[in-house]
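Novice: protein30.pdb (PDB, C-alpha atoms, pLDDT in the B column) pasted underneath:
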ATOM      1  CA  MET A 565     -52.968-153.206  44.508  1.00 72.00           C
ATOM      2  CA  VAL A 566     -49.687-154.439  43.105  1.00 73.00           C
ATOM      3  CA  ASP A 567     -47.825-157.684  43.581  1.00 76.00           C
ATOM      4  CA  ARG A 568     -44.099-157.765  42.848  1.00 71.00           C
ATOM      5  CA  THR A 569     -42.941-161.357  42.860  1.00 66.00           C
ATOM      6  CA  ASP A 570     -39.504-160.751  41.365  1.00 65.00           C
ATOM      7  CA  ASN A 571     -37.430-157.682  42.205  1.00 66.00           C
ATOM      8  CA  SER A 572     -34.806-158.478  39.573  1.00 69.00           C
ATOM      9  CA  THR A 573     -37.106-157.490  36.695  1.00 69.00           C
ATOM     10  CA  ARG A 574     -38.751-154.637  38.583  1.00 72.00           C
ATOM     11  CA  ASN A 575     -42.058-155.756  37.114  1.00 78.00           C
ATOM     12  CA  GLY A 576     -45.253-156.119  39.057  1.00 80.00           C
ATOM     13  CA  ILE A 577     -48.762-157.376  38.501  1.00 81.00           C
ATOM     14  CA  ILE A 578     -51.652-154.962  39.009  1.00 85.00           C
ATOM     15  CA  HIS A 579     -54.428-156.957  40.654  1.00 85.00           C
ATOM     16  CA  HIS A 580     -56.867-154.183  41.463  1.00 85.00           C
ATOM     17  CA  ILE A 581     -57.190-150.425  41.151  1.00 86.00           C
ATOM     18  CA  LEU A 582     -58.801-148.815  44.170  1.00 84.00           C
ATOM     19  CA  PRO A 583     -61.689-146.412  43.525  1.00 89.00           C
ATOM     20  CA  ARG A 584     -60.711-142.777  43.960  1.00 89.00           C
ATOM     21  CA  GLN A 585     -61.846-141.210  47.215  1.00 89.00           C
ATOM     22  CA  SER A 586     -59.832-138.033  46.734  1.00 91.00           C
ATOM     23  CA  VAL A 587     -57.845-136.539  43.851  1.00 91.00           C
ATOM     24  CA  PHE A 588     -55.034-134.003  43.879  1.00 87.00           C
ATOM     25  CA  ALA A 589     -54.730-132.496  40.426  1.00 84.00           C
ATOM     26  CA  ARG A 590     -52.883-129.582  38.883  1.00 80.00           C
ATOM     27  CA  LYS A 591     -53.199-127.701  35.644  1.00 79.00           C
ATOM     28  CA  VAL A 592     -50.869-128.971  32.927  1.00 80.00           C
ATOM     29  CA  ALA A 593     -48.133-126.667  31.701  1.00 80.00           C
ATOM     30  CA  GLY A 594     -49.016-124.162  29.039  1.00 78.00           C
ATOM     31  CA  SER A 595     -52.377-122.729  28.164  1.00 74.00           C
ATOM     32  CA  LYS A 596     -54.310-126.013  27.971  1.00 76.00           C
ATOM     33  CA  GLU A 597     -57.291-126.414  30.272  1.00 80.00           C
ATOM     34  CA  GLU A 598     -56.365-130.016  31.085  1.00 84.00           C
ATOM     35  CA  SER A 599     -55.354-131.264  34.502  1.00 85.00           C
ATOM     36  CA  GLN A 600     -52.760-133.761  35.621  1.00 87.00           C
ATOM     37  CA  ILE A 601     -53.462-136.102  38.533  1.00 89.00           C
ATOM     38  CA  VAL A 602     -50.717-135.851  41.146  1.00 88.00           C
ATOM     39  CA  ALA A 603     -52.085-138.162  43.881  1.00 90.00           C
ATOM     40  CA  THR A 604     -55.258-140.014  44.786  1.00 92.00           C
ATOM     41  CA  ASN A 605     -56.829-141.518  47.891  1.00 93.00           C
ATOM     42  CA  ILE A 606     -55.226-139.119  50.352  1.00 94.00           C
ATOM     43  CA  ASN A 607     -57.224-139.033  53.594  1.00 94.00           C
ATOM     44  CA  THR A 608     -55.478-136.138  55.326  1.00 94.00           C
ATOM     45  CA  VAL A 609     -53.330-133.406  53.825  1.00 95.00           C
ATOM     46  CA  PHE A 610     -50.979-131.608  56.177  1.00 94.00           C
ATOM     47  CA  ILE A 611     -50.551-128.039  54.973  1.00 95.00           C
ATOM     48  CA  CYS A 612     -47.171-127.043  56.368  1.00 93.00           C
ATOM     49  CA  MET A 613     -46.174-123.441  56.904  1.00 92.00           C
ATOM     50  CA  SER A 614     -43.370-122.167  59.068  1.00 90.00           C
ATOM     51  CA  LEU A 615     -43.919-119.470  61.647  1.00 89.00           C
ATOM     52  CA  ASN A 616     -40.947-117.468  60.445  1.00 84.00           C
ATOM     53  CA  ASN A 617     -40.461-115.562  57.178  1.00 77.00           C
ATOM     54  CA  ASP A 618     -42.422-118.145  55.155  1.00 79.00           C
ATOM     55  CA  PHE A 619     -45.748-117.329  56.825  1.00 87.00           C
ATOM     56  CA  ASN A 620     -48.184-116.096  54.164  1.00 91.00           C
ATOM     57  CA  LEU A 621     -51.941-116.061  54.720  1.00 93.00           C
ATOM     58  CA  ARG A 622     -52.810-115.816  51.004  1.00 94.00           C
ATOM     59  CA  ARG A 623     -50.655-118.865  50.223  1.00 93.00           C
ATOM     60  CA  LEU A 624     -52.363-120.727  53.038  1.00 95.00           C
ATOM     61  CA  GLU A 625     -55.744-119.898  51.475  1.00 95.00           C
ATOM     62  CA  ARG A 626     -54.561-121.372  48.153  1.00 93.00           C
ATOM     63  CA  TYR A 627     -53.348-124.548  49.859  1.00 93.00           C
ATOM     64  CA  LEU A 628     -56.649-124.879  51.722  1.00 95.00           C
ATOM     65  CA  SER A 629     -58.543-124.531  48.464  1.00 93.00           C
ATOM     66  CA  ILE A 630     -56.444-127.262  46.847  1.00 90.00           C
ATOM     67  CA  ALA A 631     -56.955-129.550  49.828  1.00 92.00           C
ATOM     68  CA  TRP A 632     -60.740-129.052  50.025  1.00 94.00           C
ATOM     69  CA  ASP A 633     -61.072-129.492  46.241  1.00 92.00           C
ATOM     70  CA  SER A 634     -59.212-132.801  46.452  1.00 93.00           C
ATOM     71  CA  GLY A 635     -61.684-134.376  48.867  1.00 93.00           C
ATOM     72  CA  ALA A 636     -59.021-134.882  51.563  1.00 94.00           C
ATOM     73  CA  THR A 637     -59.275-133.382  55.039  1.00 95.00           C
ATOM     74  CA  PRO A 638     -56.851-130.475  55.513  1.00 96.00           C
ATOM     75  CA  VAL A 639     -54.883-129.969  58.723  1.00 96.00           C
ATOM     76  CA  ILE A 640     -52.688-126.898  59.062  1.00 96.00           C
ATOM     77  CA  VAL A 641     -49.270-127.648  60.571  1.00 94.00           C
ATOM     78  CA  LEU A 642     -47.365-124.595  61.733  1.00 92.00           C
ATOM     79  CA  THR A 643     -43.684-125.433  62.024  1.00 90.00           C
ATOM     80  CA  LYS A 644     -40.734-123.713  63.683  1.00 88.00           C
ATOM     81  CA  SER A 645     -42.815-122.315  66.543  1.00 84.00           C
ATOM     82  CA  ASP A 646     -39.589-121.848  68.510  1.00 83.00           C
ATOM     83  CA  LEU A 647     -38.677-119.066  66.049  1.00 82.00           C
ATOM     84  CA  CYS A 648     -41.897-117.078  66.523  1.00 83.00           C
ATOM     85  CA  LYS A 649     -42.918-114.609  69.207  1.00 87.00           C
ATOM     86  CA  GLU A 650     -46.369-113.778  67.746  1.00 86.00           C
ATOM     87  CA  ILE A 651     -47.973-117.240  67.666  1.00 88.00           C
ATOM     88  CA  GLU A 652     -51.313-116.090  69.104  1.00 91.00           C
ATOM     89  CA  GLU A 653     -51.571-113.269  66.558  1.00 91.00           C
ATOM     90  CA  MET A 654     -50.863-115.666  63.692  1.00 91.00           C
ATOM     91  CA  LEU A 655     -53.369-118.204  65.017  1.00 93.00           C
ATOM     92  CA  ASN A 656     -56.012-115.469  65.078  1.00 93.00           C
ATOM     93  CA  GLU A 657     -55.246-114.594  61.437  1.00 93.00           C
ATOM     94  CA  ILE A 658     -55.485-118.245  60.430  1.00 94.00           C
ATOM     95  CA  SER A 659     -58.783-118.757  62.245  1.00 93.00           C
ATOM     96  CA  SER A 660     -60.351-116.056  60.055  1.00 92.00           C
ATOM     97  CA  ILE A 661     -59.712-118.073  56.857  1.00 93.00           C
ATOM     98  CA  ALA A 662     -59.549-121.682  58.057  1.00 94.00           C
ATOM     99  CA  ILE A 663     -62.936-122.231  59.644  1.00 92.00           C
ATOM    100  CA  GLY A 664     -63.329-125.850  60.766  1.00 93.00           C
ATOM    101  CA  VAL A 665     -59.716-126.743  60.028  1.00 96.00           C
ATOM    102  CA  GLU A 666     -57.525-128.009  62.845  1.00 95.00           C
ATOM    103  CA  VAL A 667     -54.290-126.094  63.383  1.00 95.00           C
ATOM    104  CA  LEU A 668     -51.296-127.852  64.934  1.00 93.00           C
ATOM    105  CA  VAL A 669     -48.274-125.944  66.232  1.00 91.00           C
ATOM    106  CA  THR A 670     -44.983-127.849  66.087  1.00 87.00           C
ATOM    107  CA  THR A 671     -41.304-127.422  66.774  1.00 83.00           C
ATOM    108  CA  SER A 672     -38.285-129.541  65.930  1.00 81.00           C
ATOM    109  CA  THR A 673     -36.482-128.618  69.133  1.00 79.00           C
ATOM    110  CA  SER A 674     -38.017-131.525  71.080  1.00 73.00           C
ATOM    111  CA  ASP A 675     -39.668-134.894  70.454  1.00 69.00           C
ATOM    112  CA  GLU A 676     -42.855-133.553  72.065  1.00 69.00           C
ATOM    113  CA  GLY A 677     -43.047-130.945  69.306  1.00 70.00           C
ATOM    114  CA  TYR A 678     -44.627-133.543  66.988  1.00 75.00           C
ATOM    115  CA  GLN A 679     -47.013-135.341  69.319  1.00 80.00           C
ATOM    116  CA  SER A 680     -50.077-133.552  67.926  1.00 83.00           C
ATOM    117  CA  LEU A 681     -49.631-135.231  64.520  1.00 85.00           C
ATOM    118  CA  LYS A 682     -49.782-138.761  65.934  1.00 84.00           C
ATOM    119  CA  ARG A 683     -53.562-139.014  66.021  1.00 86.00           C
ATOM    120  CA  TYR A 684     -53.639-138.679  62.205  1.00 87.00           C
ATOM    121  CA  LEU A 685     -50.968-141.289  61.516  1.00 85.00           C
ATOM    122  CA  PHE A 686     -52.231-144.834  61.641  1.00 82.00           C
ATOM    123  CA  SER A 687     -52.518-147.904  59.474  1.00 85.00           C
ATOM    124  CA  GLY A 688     -55.067-147.791  56.677  1.00 85.00           C
ATOM    125  CA  LYS A 689     -54.940-144.011  56.213  1.00 89.00           C
ATOM    126  CA  THR A 690     -52.840-142.064  53.741  1.00 91.00           C
ATOM    127  CA  VAL A 691     -51.477-138.599  54.476  1.00 92.00           C
ATOM    128  CA  ALA A 692     -49.668-136.066  52.327  1.00 92.00           C
ATOM    129  CA  PHE A 693     -47.509-133.108  53.287  1.00 92.00           C
ATOM    130  CA  ILE A 694     -47.655-129.960  51.175  1.00 91.00           C
ATOM    131  CA  GLY A 695     -45.991-126.596  51.626  1.00 90.00           C
ATOM    132  CA  SER A 696     -43.175-124.424  50.390  1.00 89.00           C
ATOM    133  CA  SER A 697     -39.593-125.593  50.286  1.00 89.00           C
ATOM    134  CA  GLY A 698     -37.833-125.245  53.635  1.00 85.00           C
ATOM    135  CA  VAL A 699     -40.897-125.189  55.896  1.00 85.00           C
ATOM    136  CA  GLY A 700     -40.050-128.473  57.628  1.00 82.00           C
ATOM    137  CA  LYS A 701     -41.991-131.176  55.760  1.00 83.00           C
ATOM    138  CA  SER A 702     -39.015-133.549  55.614  1.00 87.00           C
ATOM    139  CA  THR A 703     -38.180-132.826  59.239  1.00 84.00           C
ATOM    140  CA  LEU A 704     -41.723-133.826  60.254  1.00 83.00           C
ATOM    141  CA  ILE A 705     -41.568-137.041  58.235  1.00 80.00           C
ATOM    142  CA  ASN A 706     -38.074-137.912  59.468  1.00 81.00           C
ATOM    143  CA  GLN A 707     -39.108-137.282  63.071  1.00 74.00           C
ATOM    144  CA  ARG A 708     -42.019-139.696  62.682  1.00 65.00           C
ATOM    145  CA  THR A 709     -39.716-142.325  61.169  1.00 63.00           C
ATOM    146  CA  LYS A 710     -37.259-141.874  64.045  1.00 62.00           C
ATOM    147  CA  GLN A 711     -40.064-142.282  66.607  1.00 59.00           C
ATOM    148  CA  LYS A 712     -41.283-145.500  64.940  1.00 59.00           C
ATOM    149  CA  LYS A 713     -37.755-146.955  64.948  1.00 57.00           C
ATOM    150  CA  LYS A 714     -37.352-146.082  68.645  1.00 57.00           C
ATOM    151  CA  LYS A 715     -40.650-147.803  69.434  1.00 58.00           C
ATOM    152  CA  MET A 716     -39.624-150.947  67.533  1.00 55.00           C
ATOM    153  CA  LYS A 717     -36.354-151.207  69.494  1.00 61.00           C
ATOM    154  CA  SER A 718     -38.029-150.943  72.903  1.00 56.00           C
TER     155      SER A 718
END
Could you quickly redo this structure as structure tokens?

Specialist:
Amino acid sequence: MVDRTDNSTRNGIIHHILPRQSVFARKVAGSKEESQIVATNINTVFICMSLNNDFNLRRLERYLSIAWDSGATPVIVLTKSDLCKEIEEMLNEISSIAIGVEVLVTTSTSDEGYQSLKRYLFSGKTVAFIGSSGVGKSTLINQRTKQKKKKMKS
């Protein structure tokens, strides 16, 4: 918990460090067996994978392993559903490796395409988005920001 009283110096006072509830770590570069902490205290991790050429079941397994190891709750977010004709087939493949994990299907073609994420996004909880480049993580985050701004104006 940080308090910044003066933005001109960009200094802050650390008042308290929260205990770690979850830890995302990665192996450091090279052959060392050390790990580097990337993030802590994530409640929900959205594992994003697009339903086009990026779809890869083995990669999804790796992401699930990382999420479970961290202590956060994984949620699979399938993006770009408007570009896929075999959604049911892909959902069946996912269900064979992601037992007990919720799977959300989204699209950026309409505001309703993101409604399923809302129940995970509320004050006091921290979420993270992971996935390959280009799968739609920024689009999901930007859509949420746009929805919040719309709500504030009305």

Novice: I'd like to see the residues matched by the PyMOL selection byres ((chain A and resi 601) around 9) on this file, and ideally I'd get them as an MDAnalysis selection string.

Specialist: chainID A and resid 587:591 599:600 602:604

Novice: Determine, counting all atoms listed in the file, which protein, DNA and RNA residues have an atom within 12 Å of an atom of Ser674 in chain A; residues of the same chain fewer than 5 positions away are not included. Present the result as a list in words.

Specialist: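 Neighbouring residues, sequence-local ones excluded: Lys644, Ser645, Asp646, Gln679, Thr703, Leu704, Gln707 and Gln711 of chain A.
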
Novice: List, as an MDAnalysis selection string, every residue that the PyMOL selection byres ((chain A and resi 649-658) around 10) selects in the file provided.

Specialist: chainID A and resid 615:616 619:621 624:625 640 642 645:648 659:663 665 667:669

Novice: Run the PyMOL selection byres ((chain A and resi 634) around 12) on the file and write out the hits as a list in words.

Specialist: Arg584, Gln585, Ser586, Val587, Phe588, Ala589, Arg590, Ile601, Val602, Ala603, Thr604, Asn605, Ile606, Asn607, Thr608, Val609, Tyr627, Leu628, Ser629, Ile630, Ala631, Trp632, Asp633, Gly635, Ala636, Thr637, Pro638 and Ala692 of chain A

Novice: Selected residues, C-alpha atoms, written as a short mmCIF file (atom, residue, chain, number, x, y, z; two decimals), in the frame of the given file, please.

Specialist:
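And here's out.cif as it stands now:
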data_model
loop_
_atom_site.label_atom_id
_atom_site.label_comp_id
_atom_site.auth_asym_id
_atom_site.auth_seq_id
_atom_site.Cartn_x
_atom_site.Cartn_y
_atom_site.Cartn_z
CA ARG A 584 -60.71 -142.78 43.96
CA GLN A 585 -61.85 -141.21 47.22
CA SER A 586 -59.83 -138.03 46.73
CA VAL A 587 -57.84 -136.54 43.85
CA PHE A 588 -55.03 -134.00 43.88
CA ALA A 589 -54.73 -132.50 40.43
CA ARG A 590 -52.88 -129.58 38.88
CA ILE A 601 -53.46 -136.10 38.53
CA VAL A 602 -50.72 -135.85 41.15
CA ALA A 603 -52.08 -138.16 43.88
CA THR A 604 -55.26 -140.01 44.79
CA ASN A 605 -56.83 -141.52 47.89
CA ILE A 606 -55.23 -139.12 50.35
CA ASN A 607 -57.22 -139.03 53.59
CA THR A 608 -55.48 -136.14 55.33
CA VAL A 609 -53.33 -133.41 53.82
CA TYR A 627 -53.35 -124.55 49.86
CA LEU A 628 -56.65 -124.88 51.72
CA SER A 629 -58.54 -124.53 48.46
CA ILE A 630 -56.44 -127.26 46.85
CA ALA A 631 -56.96 -129.55 49.83
CA TRP A 632 -60.74 -129.05 50.02
CA ASP A 633 -61.07 -129.49 46.24
CA GLY A 635 -61.68 -134.38 48.87
CA ALA A 636 -59.02 -134.88 51.56
CA THR A 637 -59.28 -133.38 55.04
CA PRO A 638 -56.85 -130.48 55.51
CA ALA A 692 -49.67 -136.07 52.33
#

Novice: In Å to one decimal, how far is CA of Val639 in chain A from CA of Ile611 in chain A?

Specialist: 6.0 Å

Novice: Measure the distance from CA of Ile578 in chain A to CA of Gly688 in chain A in Å and round it to one decimal.

Specialist: 19.4 Å

Novice: One decimal, Å: what's the distance from CA of Thr671 in chain A over to CA of Ile694 in chain A, could you say?

Specialist: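 So the answer is 17.0 Å.
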
Novice: Of the candidates A:Thr643, A:Ser702, A:Ser595, A:Asn575, which one gets nearest to Asp618 in chain A if we count only C-alpha atoms?

Specialist: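 Counting only C-alpha atoms, the residue closest to Asp618 in chain A is A:Thr643.
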